[in-house]
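Read the structure below first, then the notes.
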Amino acid sequence: MEKMLDSDLNAPAETVVGPSVKIQGDLNSEGNIKIEGMVNGKVKTSQSVFIVPGAKITADVLAGNAVIGGEILGNIKISGHLVLQGTAKISGDITCSVLRVEDGAQFSGKCTMGNGGTAPVSNGTGKRKPELEPEE
Amino acid sequence: MHYYIIDQGNLPVEKFEKLQTELSGLLAEFKISGEIARVTPLRTVAELVDTASQRGAKTLIACGSDDTFNLMLAALKGRDFTLGFIPFDDNSTLAKILGISDVFVGIKTIAGRRVEKIDLAKISGNYFISFLEFGVMSQQLKDASTWQILKLLSTEAKAFQIRIDDSYNVTISGLGGLVANIRLTSDRNEKIANPTDGNLDLIIIERLGKMQILTHKQDIAEGSLEKLPKTTIIKCKKIEFLEPRGLPLTMLGRVVAKFPSVVEIIPQRLRLIVGKNRTF
């Protein structure tokens, strides 16, 4: 998974939102998106989203893969891999297939994972809650 | 039928006549003769395009400067032609983009007839295939000395307001940038300024530190702005430049519009004869 993410991170983003940029409205793209500024509106792509430390998004994020180091106030729906870096602050629900949470990441919301994503994950640590023991 | 629009532009008479003679000879040699019409104060490029249309010409060739080609493009008015270009100007940006270095290569290219369908960009009723510049990028950074570049890129940033694809508004404190369909460095990064992807690329630079400017001097001179730190790149189909009002948008140093203005892309609209060494 790390290999995949490293190659993704090095891939040039087709859309780059610079640090002094403020976007108001829905940002849709067909390629990779890198956000260093502020977005008040949905971010949507079938490819990867990189939200760098210092960036802030106030709305939902829908993408193929995502690496998040900034702040998001909204729900995140990722069909593939999601990485929350140590600087990430998330206030909202997460849906993804594979999740990696680094030390220091802050997450407040519900997490749904896997195909159909029914297994809940505890806040903050990224550790799965133990499955309920079947009643005897 | 080929219809050649020959424009002297700012060329000295002697050089122009020499090029015209060379052109006539090569057209016969490569067997691609057609009708040749010269631009005069009484016969503008637009009028010649009208004449070509009336005569049933299918291929229009601009022979002259980048301006000749751009004027021909603006005069098409939706009519369906295959376009070509033969440069009379040694410093033609379009010639470099299309991979046509001189008259001989231009004729050879027309004879070879390698046609590419490319996107056509539109601004305020005018059409273009290359790129527009605004802010500091309009100020001939490519030819500026290191000291001039330092001075220009250290100026106060402007607050730009731009609406993209009727979907979102971008507010940015930047120095300037460009809207690219094709550019000279298109081959270096196929995803940016690719004239066949149906998109425009809006590239805006922010204020840079002196060390950053010196480090990226070459990229600035080449127009590879995406390599600069803090650069914003947006791929889109429609750009509405809203603020600051009155700021010029230039094409090769010539003002073509001012803010507020709308730039749109018409995908795969143009059939263009291109050279083997084109940049895209």
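So you can find residues: chains in the structure tokens are A, B, ... in the order shown, residues in each start at 1, and ligands are numbered from 1 in order.
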
Shell around region 88-98 of chain A at 8 Å using only C-alpha atoms, local window under 5 positions removed, as a short mmCIF file (atom, residue, chain, number, x, y, z; two decimals) with C-alpha atoms, in the first residue's frame:
data_model
loop_
_atom_site.label_atom_id
_atom_site.label_comp_id
_atom_site.auth_asym_id
_atom_site.auth_seq_id
_atom_site.Cartn_x
_atom_site.Cartn_y
_atom_site.Cartn_z
CA PRO A 53 -1.03 20.54 6.05
CA ILE A 68 -5.00 14.17 4.06
CA GLY A 69 -2.71 16.39 6.11
CA GLY A 70 -5.03 19.39 6.43
CA GLU A 71 -8.39 20.12 7.97
CA ILE A 72 -11.74 18.88 6.70
CA LEU A 73 -15.15 19.85 8.04
CA GLY A 74 -17.32 17.44 6.10
CA ASN A 75 -17.74 13.84 5.09
CA ILE A 76 -15.04 11.92 3.21
CA LYS A 77 -15.98 9.18 0.76
CA ILE A 78 -13.01 7.37 -0.78
CA SER A 79 -13.38 4.29 -2.97
CA GLY A 80 -9.75 3.19 -2.46
CA HIS A 81 -7.02 4.10 0.04
CA LEU A 82 -7.26 6.89 2.60
CA GLY A 104 -1.40 12.69 15.88
CA ALA A 105 -4.27 12.64 13.39
CA GLN A 106 -7.53 13.93 14.85
CA PHE A 107 -10.79 12.39 13.71
CA SER A 108 -14.25 13.02 15.00
CA GLY A 109 -16.97 11.06 13.22
CA LYS A 110 -18.06 7.65 12.06
CA CYS A 111 -15.92 5.40 9.88
CA THR A 112 -17.24 2.80 7.45
CA MET A 113 -14.80 0.49 5.72
CA GLY A 114 -14.54 -2.36 3.25
CA ASN A 115 -16.97 -3.29 0.52
CA GLY A 117 -18.36 -0.82 4.76
#

Find the residues near Gly209 (chain B): any atom within 12 Å, counting only C-alpha atoms, skip ones fewer than 4 places away on the same chain, and give them as a ChimeraX atom specification. /B:149-155,213-217,228-230

Any chance you can output those residues with N, CA and C atoms as an mmCIF file, in the first residue's frame?
data_model
loop_
_atom_site.group_PDB
_atom_site.id
_atom_site.type_symbol
_atom_site.label_atom_id
_atom_site.label_comp_id
_atom_site.auth_asym_id
_atom_site.auth_seq_id
_atom_site.Cartn_x
_atom_site.Cartn_y
_atom_site.Cartn_z
ATOM 1 N N ILE B 149 13.463 40.591 -13.851
ATOM 2 C CA ILE B 149 12.569 39.522 -13.361
ATOM 3 C C ILE B 149 12.390 39.653 -11.849
ATOM 4 N N LEU B 150 13.504 39.900 -11.159
ATOM 5 C CA LEU B 150 13.430 40.066 -9.691
ATOM 6 C C LEU B 150 12.494 41.211 -9.330
ATOM 7 N N LYS B 151 12.630 42.305 -10.077
ATOM 8 C CA LYS B 151 11.810 43.489 -9.793
ATOM 9 C C LYS B 151 10.319 43.209 -10.068
ATOM 10 N N LEU B 152 10.066 42.590 -11.213
ATOM 11 C CA LEU B 152 8.670 42.336 -11.599
ATOM 12 C C LEU B 152 7.987 41.347 -10.656
ATOM 13 N N LEU B 153 8.730 40.299 -10.270
ATOM 14 C CA LEU B 153 8.112 39.271 -9.428
ATOM 15 C C LEU B 153 8.113 39.644 -7.944
ATOM 16 N N SER B 154 8.675 40.807 -7.627
ATOM 17 C CA SER B 154 8.638 41.254 -6.238
ATOM 18 C C SER B 154 7.554 42.322 -6.033
ATOM 19 N N THR B 155 6.802 42.620 -7.095
ATOM 20 C CA THR B 155 5.761 43.643 -6.970
ATOM 21 C C THR B 155 4.601 43.106 -6.113
ATOM 22 N N ILE B 213 12.931 33.018 -6.928
ATOM 23 C CA ILE B 213 12.946 33.566 -8.295
ATOM 24 C C ILE B 213 14.239 33.160 -8.996
ATOM 25 N N LEU B 214 15.357 33.295 -8.274
ATOM 26 C CA LEU B 214 16.652 32.963 -8.878
ATOM 27 C C LEU B 214 16.740 31.470 -9.200
ATOM 28 N N THR B 215 16.227 30.656 -8.289
ATOM 29 C CA THR B 215 16.258 29.204 -8.505
ATOM 30 C C THR B 215 15.447 28.814 -9.737
ATOM 31 N N HIS B 216 14.323 29.490 -9.940
ATOM 32 C CA HIS B 216 13.400 29.088 -11.019
ATOM 33 C C HIS B 216 13.427 30.050 -12.213
ATOM 34 N N LYS B 217 14.530 30.789 -12.359
ATOM 35 C CA LYS B 217 14.611 31.787 -13.446
ATOM 36 C C LYS B 217 14.363 31.149 -14.827
ATOM 37 N N LEU B 228 7.084 26.350 -10.462
ATOM 38 C CA LEU B 228 7.339 27.320 -9.398
ATOM 39 C C LEU B 228 6.572 26.932 -8.141
ATOM 40 N N PRO B 229 7.141 27.257 -6.956
ATOM 41 C CA PRO B 229 6.402 26.940 -5.738
ATOM 42 C C PRO B 229 5.125 27.783 -5.630
ATOM 43 N N LYS B 230 4.127 27.229 -4.974
ATOM 44 C CA LYS B 230 2.859 27.911 -4.662
ATOM 45 C C LYS B 230 1.992 28.204 -5.899
#

I need the residues of region 19-197 of chain B that end up classed as strand (DSSP E or B) by DSSP on the backbone, written out as number ranges by chain. B: 35-38, 40, 43, 59-64, 82-87, 115-123, 126-128, 131-135, 158-164, 168-174, 176-180

Export of prior selection with C-alpha atoms as a PDB file, in the first residue's frame:
ATOM      1  CA  GLU B  35      -4.571  30.364 -55.263  1.00  0.00           C
ATOM      2  CA  ILE B  36      -2.226  32.927 -53.760  1.00  0.00           C
ATOM      3  CA  ALA B  37      -3.657  36.151 -52.343  1.00  0.00           C
ATOM      4  CA  ARG B  38      -1.623  38.947 -50.824  1.00  0.00           C
ATOM      5  CA  THR B  40      -3.001  44.744 -48.728  1.00  0.00           C
ATOM      6  CA  ARG B  43      -7.756  43.405 -48.826  1.00  0.00           C
ATOM      7  CA  THR B  59      -7.416  24.411 -47.041  1.00  0.00           C
ATOM      8  CA  LEU B  60      -6.351  27.858 -45.867  1.00  0.00           C
ATOM      9  CA  ILE B  61      -2.658  28.551 -45.389  1.00  0.00           C
ATOM     10  CA  ALA B  62      -1.482  31.657 -43.563  1.00  0.00           C
ATOM     11  CA  CYS B  63       1.947  32.744 -44.790  1.00  0.00           C
ATOM     12  CA  GLY B  64       3.362  35.449 -42.549  1.00  0.00           C
ATOM     13  CA  THR B  82      -8.222  22.783 -42.714  1.00  0.00           C
ATOM     14  CA  LEU B  83      -5.604  25.325 -41.644  1.00  0.00           C
ATOM     15  CA  GLY B  84      -1.892  25.553 -42.238  1.00  0.00           C
ATOM     16  CA  PHE B  85       0.900  27.967 -41.453  1.00  0.00           C
ATOM     17  CA  ILE B  86       4.101  28.978 -43.207  1.00  0.00           C
ATOM     18  CA  PRO B  87       6.262  31.318 -41.112  1.00  0.00           C
ATOM     19  CA  VAL B 115      -3.645  16.825 -39.949  1.00  0.00           C
ATOM     20  CA  GLU B 116      -4.369  16.958 -36.209  1.00  0.00           C
ATOM     21  CA  LYS B 117      -7.735  17.833 -34.705  1.00  0.00           C
ATOM     22  CA  ILE B 118      -7.071  20.274 -31.908  1.00  0.00           C
ATOM     23  CA  ASP B 119      -9.049  22.317 -29.413  1.00  0.00           C
ATOM     24  CA  LEU B 120      -9.860  25.906 -30.237  1.00  0.00           C
ATOM     25  CA  ALA B 121     -10.036  28.583 -27.547  1.00  0.00           C
ATOM     26  CA  LYS B 122     -12.354  31.550 -27.744  1.00  0.00           C
ATOM     27  CA  ILE B 123     -12.183  34.933 -26.019  1.00  0.00           C
ATOM     28  CA  ASN B 126     -11.784  36.027 -31.037  1.00  0.00           C
ATOM     29  CA  TYR B 127     -10.237  32.593 -31.440  1.00  0.00           C
ATOM     30  CA  PHE B 128      -6.777  31.381 -30.506  1.00  0.00           C
ATOM     31  CA  PHE B 131      -2.034  30.956 -24.850  1.00  0.00           C
ATOM     32  CA  LEU B 132      -3.045  34.209 -23.183  1.00  0.00           C
ATOM     33  CA  GLU B 133      -1.090  36.002 -20.461  1.00  0.00           C
ATOM     34  CA  PHE B 134      -2.103  38.404 -17.710  1.00  0.00           C
ATOM     35  CA  GLY B 135      -0.505  40.313 -14.837  1.00  0.00           C
ATOM     36  CA  LYS B 158      -3.194  41.499  -7.094  1.00  0.00           C
ATOM     37  CA  ALA B 159      -6.472  40.074  -5.827  1.00  0.00           C
ATOM     38  CA  PHE B 160      -7.845  38.022  -8.729  1.00  0.00           C
ATOM     39  CA  GLN B 161     -11.420  36.784  -8.849  1.00  0.00           C
ATOM     40  CA  ILE B 162     -12.105  34.110 -11.409  1.00  0.00           C
ATOM     41  CA  ARG B 163     -15.147  31.895 -12.004  1.00  0.00           C
ATOM     42  CA  ILE B 164     -14.484  28.419 -13.329  1.00  0.00           C
ATOM     43  CA  TYR B 168     -16.914  27.687  -8.443  1.00  0.00           C
ATOM     44  CA  ASN B 169     -15.240  31.018  -7.743  1.00  0.00           C
ATOM     45  CA  VAL B 170     -11.508  31.309  -7.171  1.00  0.00           C
ATOM     46  CA  THR B 171     -10.100  34.183  -5.138  1.00  0.00           C
ATOM     47  CA  ILE B 172      -6.319  34.398  -5.240  1.00  0.00           C
ATOM     48  CA  SER B 173      -3.677  36.887  -4.300  1.00  0.00           C
ATOM     49  CA  GLY B 174      -1.298  36.422  -7.216  1.00  0.00           C
ATOM     50  CA  GLY B 176      -0.366  36.911 -12.869  1.00  0.00           C
ATOM     51  CA  GLY B 177      -0.430  33.859 -15.039  1.00  0.00           C
ATOM     52  CA  LEU B 178      -1.540  32.327 -18.259  1.00  0.00           C
ATOM     53  CA  VAL B 179      -4.380  30.468 -19.926  1.00  0.00           C
ATOM     54  CA  ALA B 180      -2.873  27.782 -22.117  1.00  0.00           C
TER      55      ALA B 180
END

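Closest approach to chain A from the set B:Cys236, B:Ile220, B:Met1, B:Leu225 is made by B:Cys236, with distances taken over only C-alpha atoms.
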
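CA of Thr109 (chain B) lies 13.3 Å from CA of Lys96 (chain B).
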
Chain A residues near chain B within 10 Å, closest pair each, using only C-alpha atoms, as JSON lines:
{"residue": "A:Pro12", "atom": "CA", "partner": "B:Lys191", "partner_atom": "CA", "distance": 8.7}
{"residue": "A:Ala13", "atom": "CA", "partner": "B:Ile233", "partner_atom": "CA", "distance": 8.6}
{"residue": "A:Glu14", "atom": "CA", "partner": "B:Lys235", "partner_atom": "CA", "distance": 6.8}
{"residue": "A:Thr15", "atom": "CA", "partner": "B:Ile234", "partner_atom": "CA", "distance": 4.9}
{"residue": "A:Val16", "atom": "CA", "partner": "B:Ile233", "partner_atom": "CA", "distance": 4.8}
{"residue": "A:Val17", "atom": "CA", "partner": "B:Thr232", "partner_atom": "CA", "distance": 5.0}
{"residue": "A:Gly18", "atom": "CA", "partner": "B:Thr232", "partner_atom": "CA", "distance": 4.7}
{"residue": "A:Pro19", "atom": "CA", "partner": "B:Lys230", "partner_atom": "CA", "distance": 6.3}
{"residue": "A:Ser20", "atom": "CA", "partner": "B:Ile172", "partner_atom": "CA", "distance": 5.7}
{"residue": "A:Val21", "atom": "CA", "partner": "B:Ile172", "partner_atom": "CA", "distance": 4.5}
{"residue": "A:Lys22", "atom": "CA", "partner": "B:Thr171", "partner_atom": "CA", "distance": 5.1}
{"residue": "A:Ile23", "atom": "CA", "partner": "B:Val170", "partner_atom": "CA", "distance": 4.6}
{"residue": "A:Gln24", "atom": "CA", "partner": "B:Asn169", "partner_atom": "CA", "distance": 5.1}
{"residue": "A:Gly25", "atom": "CA", "partner": "B:Tyr168", "partner_atom": "CA", "distance": 4.0}
{"residue": "A:Asp26", "atom": "CA", "partner": "B:Tyr168", "partner_atom": "CA", "distance": 5.6}
{"residue": "A:Leu27", "atom": "CA", "partner": "B:Tyr168", "partner_atom": "CA", "distance": 6.6}
{"residue": "A:Asn28", "atom": "CA", "partner": "B:Ser167", "partner_atom": "CA", "distance": 8.5}
{"residue": "A:Ser29", "atom": "CA", "partner": "B:Lys235", "partner_atom": "CA", "distance": 7.7}
{"residue": "A:Glu30", "atom": "CA", "partner": "B:Lys235", "partner_atom": "CA", "distance": 9.1}
{"residue": "A:Gly31", "atom": "CA", "partner": "B:Lys235", "partner_atom": "CA", "distance": 9.0}
{"residue": "A:Ile33", "atom": "CA", "partner": "B:Ile234", "partner_atom": "CA", "distance": 9.3}
{"residue": "A:Lys34", "atom": "CA", "partner": "B:Ile233", "partner_atom": "CA", "distance": 9.5}
{"residue": "A:Ile35", "atom": "CA", "partner": "B:Thr232", "partner_atom": "CA", "distance": 9.3}
{"residue": "A:Glu36", "atom": "CA", "partner": "B:Lys230", "partner_atom": "CA", "distance": 8.3}
{"residue": "A:Gly37", "atom": "CA", "partner": "B:Ile172", "partner_atom": "CA", "distance": 9.6}
{"residue": "A:Met38", "atom": "CA", "partner": "B:Thr171", "partner_atom": "CA", "distance": 9.8}
{"residue": "A:Val39", "atom": "CA", "partner": "B:Val170", "partner_atom": "CA", "distance": 9.2}
{"residue": "A:Asn40", "atom": "CA", "partner": "B:Tyr168", "partner_atom": "CA", "distance": 9.4}
{"residue": "A:Gly41", "atom": "CA", "partner": "B:Tyr168", "partner_atom": "CA", "distance": 8.3}
{"residue": "A:Lys42", "atom": "CA", "partner": "B:Tyr168", "partner_atom": "CA", "distance": 9.9}

How many Å lie between CA of Gln218 (chain B) and CA of Val52 (chain A), rounded to one decimal? 26.9 Å

Output as a PDB file with C-alpha atoms, in the first residue's frame all residues of region 172-279 of chain B that backbone DSSP marks as helix (DSSP H, G or I).
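Contents of the output file out.pdb:
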ATOM      1  CA  SER B 186       3.824  21.498 -24.114  1.00  0.00           C
ATOM      2  CA  ASP B 187       5.914  18.391 -24.669  1.00  0.00           C
ATOM      3  CA  ARG B 188       7.593  18.592 -21.274  1.00  0.00           C
ATOM      4  CA  LYS B 210      14.214  36.365  -4.239  1.00  0.00           C
ATOM      5  CA  MET B 211      15.904  32.995  -3.822  1.00  0.00           C
ATOM      6  CA  GLN B 212      12.886  31.213  -5.295  1.00  0.00           C
ATOM      7  CA  ILE B 213      12.946  33.566  -8.295  1.00  0.00           C
ATOM      8  CA  LEU B 214      16.652  32.963  -8.878  1.00  0.00           C
ATOM      9  CA  THR B 215      16.258  29.204  -8.505  1.00  0.00           C
ATOM     10  CA  LYS B 217      14.611  31.787 -13.446  1.00  0.00           C
ATOM     11  CA  GLN B 218      14.831  29.311 -16.314  1.00  0.00           C
ATOM     12  CA  ASP B 219      11.330  27.939 -15.685  1.00  0.00           C
ATOM     13  CA  ILE B 220       9.947  31.482 -15.605  1.00  0.00           C
ATOM     14  CA  ALA B 221      11.689  32.347 -18.882  1.00  0.00           C
ATOM     15  CA  GLU B 222      10.340  29.188 -20.522  1.00  0.00           C
ATOM     16  CA  LEU B 225       5.098  28.167 -14.322  1.00  0.00           C
ATOM     17  CA  GLU B 226       3.858  24.909 -12.835  1.00  0.00           C
ATOM     18  CA  LYS B 227       7.400  24.231 -11.608  1.00  0.00           C
TER      19      LYS B 227
END

May I have the residues within 8 Å of Gly198 (chain B) as a PDB file with C-alpha atoms, in the first residue's frame, using only C-alpha atoms and disregarding those fewer than 4 positions away in the same chain?
ATOM      1  CA  ASP B 119      -9.049  22.317 -29.413  1.00  0.00           C
ATOM      2  CA  LYS B 237     -13.476  24.404 -19.981  1.00  0.00           C
ATOM      3  CA  ILE B 265     -12.577  25.932 -25.148  1.00  0.00           C
ATOM      4  CA  ILE B 266     -14.228  24.290 -28.141  1.00  0.00           C
ATOM      5  CA  PRO B 267     -12.914  20.705 -28.136  1.00  0.00           C
ATOM      6  CA  GLN B 268     -11.459  19.190 -31.320  1.00  0.00           C
TER       7      GLN B 268
END

Computed interatomic separation between CA of Asp60 (chain A) and CA of Val83 (chain A) (Å): 16.2 Å
